[in-house]
2 protein chains.
Amino acid sequence: MGKHLARDLDDLQRRVLAMAGKVEEAIYAAIQALRERDAALARRVIAGDEVIDAFENEIYEECLKVQALHQPVAVDLRRIATTFMVNTDLERMGDLAVDIAERAEALDSMAIVPAIPDKLVRMTDLTAGMVRQALDAFTNLDAPLARRVIRLDDEVDRYHSEIIDELVEEMKSSPDVVEAALSLFSATRHLERIADHATNVAEDVVYLVDGEVIRHRPESSRDR
Amino acid sequence: MGKHLARDLDDLQRRVLAMAGKVEEAIYAAIQALRERDAALARRVIAGDEVIDAFENEIYEECLKVQALHQPVAVDLRRIATTFMVNTDLERMGDLAVDIAERAEALDSMAIVPAIPDKLVRMTDLTAGMVRQALDAFTNLDAPLARRVIRLDDEVDRYHSEIIDELVEEMKSSPDVVEAALSLFSATRHLERIADHATNVAEDVVYLVDGEVIRHRPESSRDR
């Protein structure tokens, strides 16, 4: 690989990591806004999505530029193809953080809100950790780490399922909280989808490094 | 553009359309399984996802092959980059059809199920139409059609919102149906996400043809 191509690929990777940092921040802030019913923080997350969208567009154009300029082949071409997909996954994670923030905004205006399940904090830590590790695996072409990320998704699904169980009980016993509980239901589902996107990234890394197709099917039969 | 590149791009496009046909079938079958509580049909949709996944992998490899072989530039390179993204969107739509089929399977085992909203049929027709038209827009590089697809998404969101309203009322008045109504709530949400993916495809077509970035933010503040 020529040194100019190597430099351009490194630069591309740095931008992807900067974008991932913004996505991780948005996830934490959205969940904090939900837990503390902080509509102002929710609105900041929603407004901040512009920055993530701008990153996506820049990275897309940069990928095309590197391809046109260097006509990379073999592993370098595959790496850029993976960057296209990781870029899209990160942008969708940003959208899902906005979806969570919108649920937080909605909750803020509701009179009766069920207790926010404590498990949501643990599920958020796990999910944000998956995002970070999936990106680390991509940066270092570390397939074993990517495989660990894929396995973590089962744990996120378990938390998701347990939180839904709690919310179903709340809805059954107090019809007054149905709407608020649905907002929490949706927010939890959005968080679980962020973990799915992190899993997609990890699967792409395994394919890039080992050439093995792993088809993750989210365990949504427990989603209700 | 050389005639070999033109032929390979046409072949790629044919595969993408064949994949889209499978996705459209899966969407209709999943909703039919839900409405008729047909667990056998639901299982066929779930099993059929393998075919869609195989298409995705073939198209991905074919994109790389065309790039390595022809080193396309300018509009051809952009077209292949868009194909990568459309391919991913189609595969995710297939996953969402599976998610709906899993809700259908779950409903089949429940004793008390609320009426399936009639609007779900109309919403399904609209969504499947969006998928088809987004792919037509991509095949023919038809930006005006792509813009119409993007506008249709608001109509899908409206149906989604109305169906959710009906389900919330059911849950409030009969705690017995909470779990079944949540399955319908999720299935409707999955369908709405399929329309979002069709919108993503249409946005990519507008960007490819007109160079204009359209950032669709789903109207999820009405999702509950």
# chains A, B, ... in the order shown; residues from 1 in each chain; ligands from 1
$ residues_around --residues "Arg151 of chain A" --least-positions-apart "2" --cutoff "12 Å" --atoms "only C-alpha atoms" --output "number ranges by chain"
A: 126, 130, 134, 144-149, 153-158, 195-196, 198-200, 202-203, 214, 216-218
$ residues_around --residues "Gln67 of chain A" --least-positions-apart "5" --cutoff "10 Å" --atoms "only C-alpha atoms" --output "ChimeraX atom specification"
/A:5,61-62,72-73,76-77,80-81 /B:67,71-73,77
$ write_last_selection --atoms "N, CA and C atoms" --output "PDB file, in the first residue's frame"
ATOM      1  N   LEU A   5      -1.949   6.485   0.322  1.00  0.00           N
ATOM      2  CA  LEU A   5      -3.183   5.745   0.606  1.00  0.00           C
ATOM      3  C   LEU A   5      -3.282   5.437   2.100  1.00  0.00           C
ATOM      4  N   GLU A  61     -18.192  11.155   1.342  1.00  0.00           N
ATOM      5  CA  GLU A  61     -17.468  11.820   0.251  1.00  0.00           C
ATOM      6  C   GLU A  61     -15.979  11.484   0.291  1.00  0.00           C
ATOM      7  N   GLU A  62     -15.444  11.386   1.507  1.00  0.00           N
ATOM      8  CA  GLU A  62     -14.021  11.070   1.654  1.00  0.00           C
ATOM      9  C   GLU A  62     -13.730   9.649   1.146  1.00  0.00           C
ATOM     10  N   PRO A  72      -7.905   1.701  -4.854  1.00  0.00           N
ATOM     11  CA  PRO A  72      -7.388   0.609  -4.016  1.00  0.00           C
ATOM     12  C   PRO A  72      -7.970  -0.744  -4.453  1.00  0.00           C
ATOM     13  N   VAL A  73      -7.229  -1.807  -4.164  1.00  0.00           N
ATOM     14  CA  VAL A  73      -7.699  -3.161  -4.481  1.00  0.00           C
ATOM     15  C   VAL A  73      -7.628  -4.021  -3.214  1.00  0.00           C
ATOM     16  N   ASP A  76      -7.631  -3.230   0.925  1.00  0.00           N
ATOM     17  CA  ASP A  76      -7.907  -1.794   1.081  1.00  0.00           C
ATOM     18  C   ASP A  76      -9.297  -1.445   0.534  1.00  0.00           C
ATOM     19  N   LEU A  77      -9.648  -2.049  -0.592  1.00  0.00           N
ATOM     20  CA  LEU A  77     -10.976  -1.838  -1.168  1.00  0.00           C
ATOM     21  C   LEU A  77     -12.050  -2.345  -0.203  1.00  0.00           C
ATOM     22  N   ILE A  80     -12.557  -0.001   2.706  1.00  0.00           N
ATOM     23  CA  ILE A  80     -13.376   1.174   2.392  1.00  0.00           C
ATOM     24  C   ILE A  80     -14.856   0.785   2.272  1.00  0.00           C
ATOM     25  N   ALA A  81     -15.124  -0.367   1.673  1.00  0.00           N
ATOM     26  CA  ALA A  81     -16.515  -0.833   1.578  1.00  0.00           C
ATOM     27  C   ALA A  81     -17.112  -0.991   2.985  1.00  0.00           C
TER      28      ALA A  81
ATOM     29  N   GLN B  67     -15.866  -3.198  -8.930  1.00  0.00           N
ATOM     30  CA  GLN B  67     -14.915  -2.122  -8.616  1.00  0.00           C
ATOM     31  C   GLN B  67     -13.482  -2.536  -8.939  1.00  0.00           C
ATOM     32  N   GLN B  71     -12.402  -0.482 -12.017  1.00  0.00           N
ATOM     33  CA  GLN B  71     -11.950   0.784 -11.406  1.00  0.00           C
ATOM     34  C   GLN B  71     -12.814   1.960 -11.869  1.00  0.00           C
ATOM     35  N   PRO B  72     -14.119   1.866 -11.670  1.00  0.00           N
ATOM     36  CA  PRO B  72     -14.999   2.936 -12.173  1.00  0.00           C
ATOM     37  C   PRO B  72     -14.729   4.263 -11.456  1.00  0.00           C
ATOM     38  N   VAL B  73     -15.047   5.357 -12.133  1.00  0.00           N
ATOM     39  CA  VAL B  73     -14.878   6.685 -11.528  1.00  0.00           C
ATOM     40  C   VAL B  73     -16.192   7.447 -11.643  1.00  0.00           C
ATOM     41  N   LEU B  77     -18.810   5.127 -10.055  1.00  0.00           N
ATOM     42  CA  LEU B  77     -18.334   4.841  -8.695  1.00  0.00           C
ATOM     43  C   LEU B  77     -19.423   5.191  -7.676  1.00  0.00           C
TER      44      LEU B  77
END
$ interface_residues --of "chain B" --to "chain A" --cutoff "8 Å" --atoms "only C-alpha atoms" --output "number ranges by chain"
B: 53, 64, 68, 71-74, 77-78, 81, 84-85, 88, 95, 99, 102-103, 106, 168, 171-173, 175-176, 178-180, 182-183, 186, 215, 217, 220-221, 224
$ write_last_selection --atoms "N, CA, C and O atoms" --output "CSV table (one decimal), in the first residue's frame"
chain,number,residue,atom,x,y,z
B,53,ASP,N,-30.7,-12.9,2.8
B,53,ASP,CA,-29.3,-12.7,3.3
B,53,ASP,C,-28.3,-13.2,2.3
B,53,ASP,O,-27.2,-12.6,2.1
B,64,LEU,N,-17.9,-5.4,-5.1
B,64,LEU,CA,-16.4,-5.3,-5.0
B,64,LEU,C,-15.7,-5.8,-6.2
B,64,LEU,O,-14.7,-5.2,-6.7
B,68,ALA,N,-13.1,-3.7,-8.5
B,68,ALA,CA,-11.7,-4.2,-8.7
B,68,ALA,C,-11.4,-4.3,-10.2
B,68,ALA,O,-10.3,-4.0,-10.7
B,71,GLN,N,-12.4,-0.5,-12.0
B,71,GLN,CA,-12.0,0.8,-11.4
B,71,GLN,C,-12.8,2.0,-11.9
B,71,GLN,O,-12.3,2.9,-12.4
B,72,PRO,N,-14.1,1.9,-11.7
B,72,PRO,CA,-15.0,2.9,-12.2
B,72,PRO,C,-14.7,4.3,-11.5
B,72,PRO,O,-14.2,4.3,-10.3
B,73,VAL,N,-15.0,5.4,-12.1
B,73,VAL,CA,-14.9,6.7,-11.5
B,73,VAL,C,-16.2,7.4,-11.6
B,73,VAL,O,-17.2,7.0,-12.2
B,74,ALA,N,-16.2,8.6,-11.0
B,74,ALA,CA,-17.3,9.6,-11.2
B,74,ALA,C,-18.7,8.9,-10.9
B,74,ALA,O,-18.8,8.2,-9.9
B,77,LEU,N,-18.8,5.1,-10.1
B,77,LEU,CA,-18.3,4.8,-8.7
B,77,LEU,C,-19.4,5.2,-7.7
B,77,LEU,O,-19.7,4.4,-6.7
B,78,ARG,N,-20.1,6.3,-7.9
B,78,ARG,CA,-21.2,6.7,-7.0
B,78,ARG,C,-22.3,5.8,-7.0
B,78,ARG,O,-23.0,5.5,-6.0
B,81,ALA,N,-21.4,2.8,-4.9
B,81,ALA,CA,-21.5,3.2,-3.5
B,81,ALA,C,-22.9,3.2,-3.0
B,81,ALA,O,-23.2,2.7,-1.9
B,84,PHE,N,-24.2,-0.4,-2.5
B,84,PHE,CA,-23.8,-0.9,-1.2
B,84,PHE,C,-24.9,-0.6,-0.1
B,84,PHE,O,-25.3,-1.4,0.7
B,85,MET,N,-25.3,0.7,-0.2
B,85,MET,CA,-26.2,1.1,0.9
B,85,MET,C,-27.6,0.6,0.6
B,85,MET,O,-28.3,0.2,1.6
B,88,THR,N,-27.8,-2.9,1.9
B,88,THR,CA,-27.9,-3.0,3.3
B,88,THR,C,-29.4,-2.7,3.7
B,88,THR,O,-29.9,-3.4,4.6
B,95,ASP,N,-35.1,-8.3,7.6
B,95,ASP,CA,-35.0,-8.6,9.0
B,95,ASP,C,-36.3,-8.1,9.7
B,95,ASP,O,-36.8,-8.7,10.6
B,99,ASP,N,-39.1,-9.8,11.9
B,99,ASP,CA,-39.6,-9.3,13.2
B,99,ASP,C,-41.1,-9.3,13.3
B,99,ASP,O,-41.7,-9.7,14.3
B,102,GLU,N,-42.4,-12.8,13.6
B,102,GLU,CA,-42.2,-13.3,15.0
B,102,GLU,C,-43.3,-12.8,15.9
B,102,GLU,O,-43.8,-13.5,16.8
B,103,ARG,N,-43.8,-11.6,15.7
B,103,ARG,CA,-44.9,-11.1,16.4
B,103,ARG,C,-46.2,-11.9,16.1
B,103,ARG,O,-47.0,-12.2,16.9
B,106,ALA,N,-46.1,-15.1,17.9
B,106,ALA,CA,-46.4,-14.9,19.3
B,106,ALA,C,-47.9,-14.7,19.5
B,106,ALA,O,-48.5,-15.3,20.4
B,168,VAL,N,-53.7,1.9,22.1
B,168,VAL,CA,-53.6,2.5,23.5
B,168,VAL,C,-55.0,2.4,24.1
B,168,VAL,O,-55.1,2.1,25.3
B,171,MET,N,-55.7,-1.0,25.3
B,171,MET,CA,-54.9,-1.4,26.5
B,171,MET,C,-55.4,-0.8,27.7
B,171,MET,O,-55.4,-1.4,28.8
B,172,LYS,N,-55.9,0.5,27.6
B,172,LYS,CA,-56.4,1.2,28.8
B,172,LYS,C,-57.7,0.5,29.2
B,172,LYS,O,-58.0,0.4,30.4
B,173,SER,N,-58.6,0.1,28.3
B,173,SER,CA,-59.9,-0.4,28.7
B,173,SER,C,-59.8,-1.9,29.0
B,173,SER,O,-60.7,-2.3,29.8
B,175,PRO,N,-57.0,-4.5,30.4
B,175,PRO,CA,-55.7,-4.9,30.7
B,175,PRO,C,-55.3,-6.3,30.2
B,175,PRO,O,-54.2,-6.6,30.0
B,176,ASP,N,-56.4,-7.1,30.0
B,176,ASP,CA,-56.1,-8.5,29.5
B,176,ASP,C,-55.4,-8.5,28.1
B,176,ASP,O,-54.8,-9.5,27.8
B,178,VAL,N,-53.2,-6.4,27.1
B,178,VAL,CA,-51.9,-5.6,27.0
B,178,VAL,C,-50.8,-6.3,26.2
B,178,VAL,O,-50.2,-5.7,25.3
B,179,GLU,N,-50.6,-7.6,26.5
B,179,GLU,CA,-49.5,-8.3,25.8
B,179,GLU,C,-49.7,-8.4,24.3
B,179,GLU,O,-48.8,-8.2,23.5
B,180,ALA,N,-50.9,-8.8,24.0
B,180,ALA,CA,-51.2,-8.9,22.5
B,180,ALA,C,-51.1,-7.6,21.8
B,180,ALA,O,-50.6,-7.5,20.7
B,182,LEU,N,-49.3,-5.1,22.7
B,182,LEU,CA,-47.9,-4.7,22.5
B,182,LEU,C,-47.3,-5.4,21.3
B,182,LEU,O,-46.4,-4.9,20.6
B,183,SER,N,-47.7,-6.7,21.0
B,183,SER,CA,-47.2,-7.4,19.8
B,183,SER,C,-47.6,-6.6,18.6
B,183,SER,O,-46.8,-6.4,17.7
B,186,SER,N,-45.6,-3.4,18.3
B,186,SER,CA,-44.3,-3.7,17.8
B,186,SER,C,-44.3,-3.9,16.3
B,186,SER,O,-43.5,-3.4,15.5
B,215,ARG,N,-32.1,14.9,4.7
B,215,ARG,CA,-32.0,14.2,5.9
B,215,ARG,C,-33.4,14.0,6.4
B,215,ARG,O,-34.0,14.9,6.9
B,217,ARG,N,-35.9,12.8,9.0
B,217,ARG,CA,-36.0,12.5,10.4
B,217,ARG,C,-37.4,11.9,10.5
B,217,ARG,O,-38.4,12.6,10.4
B,220,SER,N,-41.1,10.4,14.7
B,220,SER,CA,-41.3,9.5,15.7
B,220,SER,C,-41.9,10.1,17.0
B,220,SER,O,-42.3,9.4,17.9
B,221,SER,N,-42.0,11.4,17.0
B,221,SER,CA,-42.6,12.0,18.2
B,221,SER,C,-44.0,11.6,18.4
B,221,SER,O,-44.6,11.8,19.5
B,224,ARG,N,-45.2,7.3,20.3
B,224,ARG,CA,-45.4,6.9,21.6
B,224,ARG,C,-44.4,5.9,22.1
B,224,ARG,O,-43.6,5.3,21.4
$ residues_around --residues "Asp11 of chain B" --least-positions-apart "3" --cutoff "12 Å" --atoms "only C-alpha atoms" --output "PyMOL selection string"
chain B and resi 4-8+14-18+58-59+62-63+66+139
$ write_last_selection --atoms "N, CA and C atoms" --output "short mmCIF file (atom, residue, chain, number, x, y, z; two decimals), in the first residue's frame"
data_model
loop_
_atom_site.label_atom_id
_atom_site.label_comp_id
_atom_site.auth_asym_id
_atom_site.auth_seq_id
_atom_site.Cartn_x
_atom_site.Cartn_y
_atom_site.Cartn_z
N HIS B 4 -18.37 -3.51 -21.11
CA HIS B 4 -18.31 -4.56 -20.09
C HIS B 4 -18.76 -4.03 -18.74
N LEU B 5 -18.35 -2.80 -18.41
CA LEU B 5 -18.79 -2.19 -17.17
C LEU B 5 -20.31 -2.00 -17.19
N ALA B 6 -20.83 -1.50 -18.33
CA ALA B 6 -22.28 -1.29 -18.45
C ALA B 6 -23.03 -2.60 -18.23
N ARG B 7 -22.51 -3.67 -18.82
CA ARG B 7 -23.17 -4.98 -18.68
C ARG B 7 -23.13 -5.45 -17.23
N ASP B 8 -21.97 -5.27 -16.57
CA ASP B 8 -21.85 -5.71 -15.18
C ASP B 8 -22.74 -4.89 -14.25
N ARG B 14 -30.03 -5.94 -11.79
CA ARG B 14 -31.04 -7.01 -11.87
C ARG B 14 -31.08 -7.80 -10.57
N ARG B 15 -29.92 -8.07 -10.00
CA ARG B 15 -29.90 -8.82 -8.73
C ARG B 15 -30.55 -8.02 -7.60
N VAL B 16 -30.26 -6.72 -7.59
CA VAL B 16 -30.86 -5.88 -6.54
C VAL B 16 -32.39 -5.91 -6.66
N LEU B 17 -32.89 -5.85 -7.89
CA LEU B 17 -34.34 -5.87 -8.08
C LEU B 17 -34.93 -7.23 -7.69
N ALA B 18 -34.22 -8.30 -7.99
CA ALA B 18 -34.70 -9.63 -7.59
C ALA B 18 -34.78 -9.72 -6.07
N GLU B 58 -24.09 -11.91 -1.97
CA GLU B 58 -23.72 -11.97 -3.39
C GLU B 58 -23.55 -10.57 -3.99
N ILE B 59 -24.51 -9.71 -3.67
CA ILE B 59 -24.48 -8.35 -4.24
C ILE B 59 -23.26 -7.59 -3.70
N GLU B 62 -20.28 -8.88 -5.50
CA GLU B 62 -20.33 -8.47 -6.90
C GLU B 62 -19.93 -6.99 -7.04
N CYS B 63 -20.39 -6.16 -6.10
CA CYS B 63 -19.98 -4.73 -6.09
C CYS B 63 -18.46 -4.62 -6.02
N VAL B 66 -16.86 -5.74 -9.36
CA VAL B 66 -17.00 -4.73 -10.42
C VAL B 66 -16.01 -3.60 -10.18
N THR B 139 -33.29 2.30 -10.08
CA THR B 139 -33.00 1.68 -11.38
C THR B 139 -32.96 2.73 -12.49
#
$ closest_residue --among "B:Ala39, B:Ile163, B:Ala33, B:Val75" --to "Gly211 of chain B" --atoms "only C-alpha atoms"
B:Val75
$ closest_residue --among "A:Glu192, A:Arg92, A:Asp136, A:Pro114" --to "Leu152 of chain A" --atoms "only C-alpha atoms"
A:Glu192
$ atom_distance --atom1 "atom CA of Leu191 of chain A" --atom2 "atom CA of Asn140 of chain A"
25.7 Å
$ residues_around --residues "Thr124 of chain B" --least-positions-apart "6" --cutoff "8 Å" --atoms "only C-alpha atoms" --output "PDB file with C-alpha atoms, in the first residue's frame"
ATOM      1  CA  ILE B  27     -43.509  -7.929   3.953  1.00  0.00           C
ATOM      2  CA  TYR B  28     -46.916  -8.958   2.556  1.00  0.00           C
ATOM      3  CA  ILE B  31     -48.588  -8.942   7.640  1.00  0.00           C
ATOM      4  CA  LEU B 191     -43.642  -1.853   9.342  1.00  0.00           C
TER       5      LEU B 191
END
$ closest_residue --among "B:Ala97, B:Ala128, B:Asp10, B:Gly21" --to "Arg44 of chain B" --atoms "only C-alpha atoms"
B:Ala97
$ closest_residue --among "B:Val51, B:His197, B:Ala26, B:Arg37" --to "Met110 of chain B" --atoms "only C-alpha atoms"
B:Arg37
